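Next up, work31.cif (mmCIF, C-alpha atoms):
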```cif
data_start
#
loop_
_atom_site.label_atom_id
_atom_site.label_comp_id
_atom_site.auth_asym_id
_atom_site.auth_seq_id
_atom_site.Cartn_x
_atom_site.Cartn_y
_atom_site.Cartn_z
CA MET V 1 0.00 0.00 0.00
CA THR V 2 1.11 3.54 -0.64
CA ASP V 3 1.81 6.18 2.01
CA THR V 4 -1.34 8.01 0.98
CA THR V 5 -3.50 4.97 1.66
CA TRP V 6 -2.01 4.53 5.12
CA TRP V 7 -2.64 8.17 5.98
CA TRP V 8 -6.28 7.99 4.88
CA LEU V 9 -6.82 4.73 6.77
CA LEU V 10 -5.39 6.32 9.93
CA ALA V 11 -7.57 9.42 9.48
CA GLY V 12 -10.68 7.28 8.95
CA SER V 13 -9.80 5.19 12.00
CA ALA V 14 -9.49 8.33 14.12
CA VAL V 15 -12.92 9.49 12.94
CA ALA V 16 -14.43 6.05 13.66
CA LEU V 17 -12.85 6.00 17.12
CA GLU V 18 -14.25 9.47 17.79
CA LEU V 19 -17.74 8.23 16.92
CA PHE V 20 -17.40 5.45 19.51
CA THR V 21 -15.84 7.55 22.28
CA GLY V 22 -17.30 11.01 21.69
CA THR V 23 -13.87 12.60 22.14
CA PHE V 24 -14.06 15.59 19.84
CA TYR V 25 -10.30 16.08 19.95
CA LEU V 26 -9.89 12.90 17.89
CA LEU V 27 -11.46 14.79 15.00
CA MET V 28 -8.69 17.37 15.31
CA VAL V 29 -6.13 14.55 15.20
CA ALA V 30 -7.94 13.18 12.13
CA ILE V 31 -7.51 16.59 10.46
CA GLY V 32 -3.79 16.31 11.11
CA LEU V 33 -3.72 12.81 9.64
CA ALA V 34 -5.57 14.09 6.57
CA ALA V 35 -2.88 16.77 6.22
CA GLY V 36 -0.33 13.98 6.20
CA ALA V 37 -2.31 12.29 3.43
CA VAL V 38 -2.36 15.51 1.41
CA ALA V 39 1.40 15.81 1.86
CA ALA V 40 1.76 12.25 0.59
CA HIS V 41 -0.44 13.10 -2.42
CA LEU V 42 1.91 16.00 -3.16
CA GLY V 43 4.83 13.57 -3.21
CA LEU V 44 6.61 14.97 -0.16
CA ALA V 45 9.06 12.79 1.75
CA LEU V 46 7.85 10.80 4.76
CA ALA V 47 9.54 13.24 7.14
CA TRP V 48 7.53 16.14 5.68
CA GLN V 49 4.35 14.10 5.80
CA LEU V 50 4.93 13.48 9.50
CA VAL V 51 5.75 17.14 10.13
CA SER V 52 2.64 18.36 8.31
CA ALA V 53 0.43 15.89 10.18
CA ALA V 54 1.92 16.90 13.53
CA VAL V 55 1.76 20.65 12.88
CA VAL V 56 -1.79 20.68 11.49
CA GLY V 57 -3.10 18.24 14.11
CA SER V 58 -1.48 20.15 16.97
CA ALA V 59 -2.73 23.48 15.63
CA ALA V 60 -6.25 22.08 15.36
CA VAL V 61 -6.17 20.78 18.95
CA VAL V 62 -4.76 24.06 20.31
CA GLY V 63 -7.24 26.08 18.25
CA TRP V 64 -10.20 24.06 19.48
CA THR V 65 -8.99 24.36 23.08
CA LEU V 66 -8.83 28.15 22.73
CA VAL V 67 -12.31 28.26 21.24
CA GLN V 68 -13.67 26.17 24.11
CA ARG V 69 -12.04 28.41 26.74
CA ARG V 70 -13.57 31.56 25.24
CA ARG V 71 -17.04 30.09 25.02
CA PRO V 72 -19.11 30.71 28.16
CA GLN V 73 -19.83 27.46 29.95
CA ARG V 74 -23.52 26.78 30.46
CA THR V 75 -24.65 24.32 33.04
CA ALA V 76 -27.25 21.68 32.35
CA ARG V 77 -29.56 23.23 34.93
CA ALA V 78 -29.91 26.29 32.68
CA GLU V 79 -30.52 24.37 29.43
CA ARG V 80 -34.09 24.13 28.14
CA SER V 81 -33.27 20.85 26.39
CA VAL V 82 -32.40 19.29 29.78
CA ASN V 83 -34.84 21.06 32.08
CA LEU V 84 -38.28 21.88 30.71
CA ASP V 85 -38.91 24.40 33.52
CA ILE V 86 -36.52 26.86 31.87
CA GLY V 87 -38.49 29.59 30.12
CA GLU V 88 -41.71 28.97 32.03
CA GLN V 89 -43.37 31.94 33.71
CA VAL V 90 -44.31 32.45 37.34
CA HIS V 91 -46.07 35.32 39.08
CA VAL V 92 -44.36 36.91 42.09
CA ASP V 93 -46.71 38.77 44.43
CA ALA V 94 -44.00 40.17 46.75
CA TRP V 95 -40.30 39.77 47.46
CA GLN V 96 -39.05 39.07 50.97
CA ALA V 97 -36.17 40.96 52.62
CA ASP V 98 -33.76 38.05 51.99
CA GLY V 99 -34.32 38.31 48.23
CA THR V 100 -36.59 35.29 47.90
CA ALA V 101 -40.25 34.90 47.09
CA THR V 102 -42.75 32.09 47.43
CA VAL V 103 -44.51 31.31 44.15
CA LYS V 104 -47.08 28.75 43.11
CA TYR V 105 -45.70 26.69 40.23
CA ARG V 106 -46.78 23.26 38.96
CA GLY V 107 -49.36 22.95 41.70
CA THR V 108 -47.04 23.52 44.67
CA GLN V 109 -45.12 26.24 46.48
CA TRP V 110 -41.59 27.00 45.25
CA THR V 111 -38.91 29.38 46.43
CA ALA V 112 -37.97 31.87 43.73
CA VAL V 113 -34.67 33.76 43.75
CA LEU V 114 -33.83 36.70 41.50
CA ARG V 115 -31.04 36.31 39.02
CA SER V 116 -28.10 38.49 40.06
CA GLY V 117 -28.40 42.09 38.93
CA GLU V 118 -32.18 42.02 38.75
CA PRO V 119 -34.22 44.52 40.82
CA PRO V 120 -36.87 42.93 43.08
CA GLN V 121 -40.21 43.82 41.49
CA PRO V 122 -43.50 41.96 41.78
CA GLY V 123 -45.12 40.67 38.62
CA LEU V 124 -44.50 38.11 35.92
CA HIS V 125 -41.05 36.47 35.90
CA ARG V 126 -39.37 33.90 33.66
CA VAL V 127 -37.51 30.87 35.05
CA THR V 128 -33.88 30.98 33.87
CA GLU V 129 -32.37 28.21 35.98
CA LEU V 130 -33.27 25.59 38.52
CA VAL V 131 -30.90 25.14 41.47
CA GLY V 132 -32.06 22.35 43.75
CA ASN V 133 -35.63 23.25 44.68
CA ARG V 134 -35.21 26.97 43.95
CA LEU V 135 -36.30 28.71 40.78
CA ILE V 136 -33.88 31.35 39.56
CA VAL V 137 -36.04 33.98 37.84
CA GLU V 138 -35.77 37.23 35.92
CA LYS V 139 -38.42 39.86 35.23
CA THR V 140 -40.17 39.37 31.90
CA PRO V 141 -39.86 42.41 29.62
CA SER V 142 -43.57 42.44 28.78
CA SER V 143 -44.63 42.83 32.41
CA ASN V 144 -42.87 46.11 33.21
#
```

Whole structure, structure tokens version:
Amino acid sequence: MTDTTWWWLLAGSAVALELFTGTFYLLMVAIGLAAGAVAAHLGLALAWQLVSAAVVGSAAVVGWTLVQRRRPQRTARAERSVNLDIGEQVHVDAWQADGTATVKYRGTQWTAVLRSGEPPQPGLHRVTELVGNRLIVEKTPSSN
């Protein structure tokens, strides 16, 4: 088999392994292996194929790491796809001195807490997060 074939088999294996493990970084390694295959297609020596695979794969891993660090991390408790309470509305009659309120939601009493930076105002609020048995809420714009 030619060098090119080996490179493509390695890249395909990395993609297949990523599908089984869910390790996204293996896709970045597969990009590096594909760069090695392209270098082989261009007729470069094995040393240059290895260098191109290492440089491109490393750059892809470092680039993806930087992208992930800049992206704000969202917790599952604030994701609508995980918690169907997110986005629902509750009515707050009055806020207590400790910054909490008791609201009726889903047929029972819940403790609501304002999201940081929100002024305590009675009225309609939207659930933004669920922490334990407390609803983290923010004022809905339409109820000002």

Exercise for the section: Would you kindly translate the PyMOL selection byres ((chain V and resi 95-108) around 12) into the concrete residues it picks from this file, as a count of residues only? Expected result: 33

Handout entry: Exercise: Tyr25 of chain V partners within 10 Å, only C-alpha atoms, chain neighbours under 2 positions left out, as a PyMOL selection string
Key = chain V and resi 14-15+18+22-23+27-31+57+60-62+64-65

Completion exercise
If you count all atoms listed in the file, the residue of V:Ala35, V:Leu42, V:Val67, V:Met1 closest to Val55 of chain V turns out to be V:Ala35

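Atom CA of Asn83 of chain V is found 10.1 Å from atom CA of Thr128 of chain V.
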
Exercise for the section: Calculate how many Å separate atom CA of Leu19 of chain V from atom CA of Leu66 of chain V, rounding to one decimal. Expected result: 22.6 Å

Problem - Atom pair atom CA of Ala16 of chain V / atom CA of Gly32 of chain V: separation (Å) - result: 15.0 Å

Could you tell me which residues the PyMOL selection byres ((chain V and resi 40) around 10) returns for this structure, as an mmCIF file with C-alpha atoms, keeping the file's coordinate frame?
```
data_model
loop_
_atom_site.group_PDB
_atom_site.id
_atom_site.type_symbol
_atom_site.label_atom_id
_atom_site.label_comp_id
_atom_site.auth_asym_id
_atom_site.auth_seq_id
_atom_site.Cartn_x
_atom_site.Cartn_y
_atom_site.Cartn_z
ATOM 1 C CA THR V 2 1.110 3.540 -0.640
ATOM 2 C CA ASP V 3 1.810 6.180 2.010
ATOM 3 C CA THR V 4 -1.340 8.010 0.980
ATOM 4 C CA THR V 5 -3.500 4.970 1.660
ATOM 5 C CA TRP V 6 -2.010 4.530 5.120
ATOM 6 C CA TRP V 7 -2.640 8.170 5.980
ATOM 7 C CA ALA V 34 -5.570 14.090 6.570
ATOM 8 C CA ALA V 35 -2.880 16.770 6.220
ATOM 9 C CA GLY V 36 -0.330 13.980 6.200
ATOM 10 C CA ALA V 37 -2.310 12.290 3.430
ATOM 11 C CA VAL V 38 -2.360 15.510 1.410
ATOM 12 C CA ALA V 39 1.400 15.810 1.860
ATOM 13 C CA HIS V 41 -0.440 13.100 -2.420
ATOM 14 C CA LEU V 42 1.910 16.000 -3.160
ATOM 15 C CA GLY V 43 4.830 13.570 -3.210
ATOM 16 C CA LEU V 44 6.610 14.970 -0.160
ATOM 17 C CA ALA V 45 9.060 12.790 1.750
ATOM 18 C CA LEU V 46 7.850 10.800 4.760
ATOM 19 C CA TRP V 48 7.530 16.140 5.680
ATOM 20 C CA GLN V 49 4.350 14.100 5.800
ATOM 21 C CA LEU V 50 4.930 13.480 9.500
ATOM 22 C CA SER V 52 2.640 18.360 8.310
#
```

Where atoms are missing, can you supply N, CA and C atoms for segment 124-136 of chain V and output the lot as a short mmCIF file (atom, residue, chain, number, x, y, z; two decimals), in the coordinates of the input?
```
data_model
loop_
_atom_site.label_atom_id
_atom_site.label_comp_id
_atom_site.auth_asym_id
_atom_site.auth_seq_id
_atom_site.Cartn_x
_atom_site.Cartn_y
_atom_site.Cartn_z
N LEU V 124 -44.80 39.31 36.68
CA LEU V 124 -44.50 38.11 35.92
C LEU V 124 -43.00 37.96 35.75
N HIS V 125 -42.47 36.76 36.03
CA HIS V 125 -41.05 36.47 35.90
C HIS V 125 -40.88 35.19 35.09
N ARG V 126 -39.70 35.07 34.47
CA ARG V 126 -39.37 33.90 33.66
C ARG V 126 -38.31 33.08 34.39
N VAL V 127 -38.48 31.77 34.43
CA VAL V 127 -37.51 30.87 35.05
C VAL V 127 -36.29 30.75 34.13
N THR V 128 -35.11 31.06 34.67
CA THR V 128 -33.88 30.98 33.87
C THR V 128 -33.00 29.81 34.27
N GLU V 129 -33.21 29.29 35.49
CA GLU V 129 -32.37 28.21 35.98
C GLU V 129 -33.07 27.55 37.15
N LEU V 130 -32.73 26.32 37.39
CA LEU V 130 -33.27 25.59 38.52
C LEU V 130 -32.10 25.08 39.34
N VAL V 131 -31.98 25.55 40.58
CA VAL V 131 -30.90 25.14 41.47
C VAL V 131 -31.53 24.43 42.66
N GLY V 132 -31.41 23.13 42.70
CA GLY V 132 -32.06 22.35 43.75
C GLY V 132 -33.56 22.51 43.64
N ASN V 133 -34.18 23.02 44.71
CA ASN V 133 -35.63 23.25 44.68
C ASN V 133 -35.94 24.74 44.59
N ARG V 134 -35.00 25.52 44.10
CA ARG V 134 -35.21 26.97 43.95
C ARG V 134 -35.25 27.35 42.47
N LEU V 135 -36.19 28.19 42.15
CA LEU V 135 -36.30 28.71 40.78
C LEU V 135 -35.52 30.01 40.70
N ILE V 136 -34.58 30.10 39.81
CA ILE V 136 -33.88 31.35 39.56
C ILE V 136 -34.68 32.06 38.47
#
```
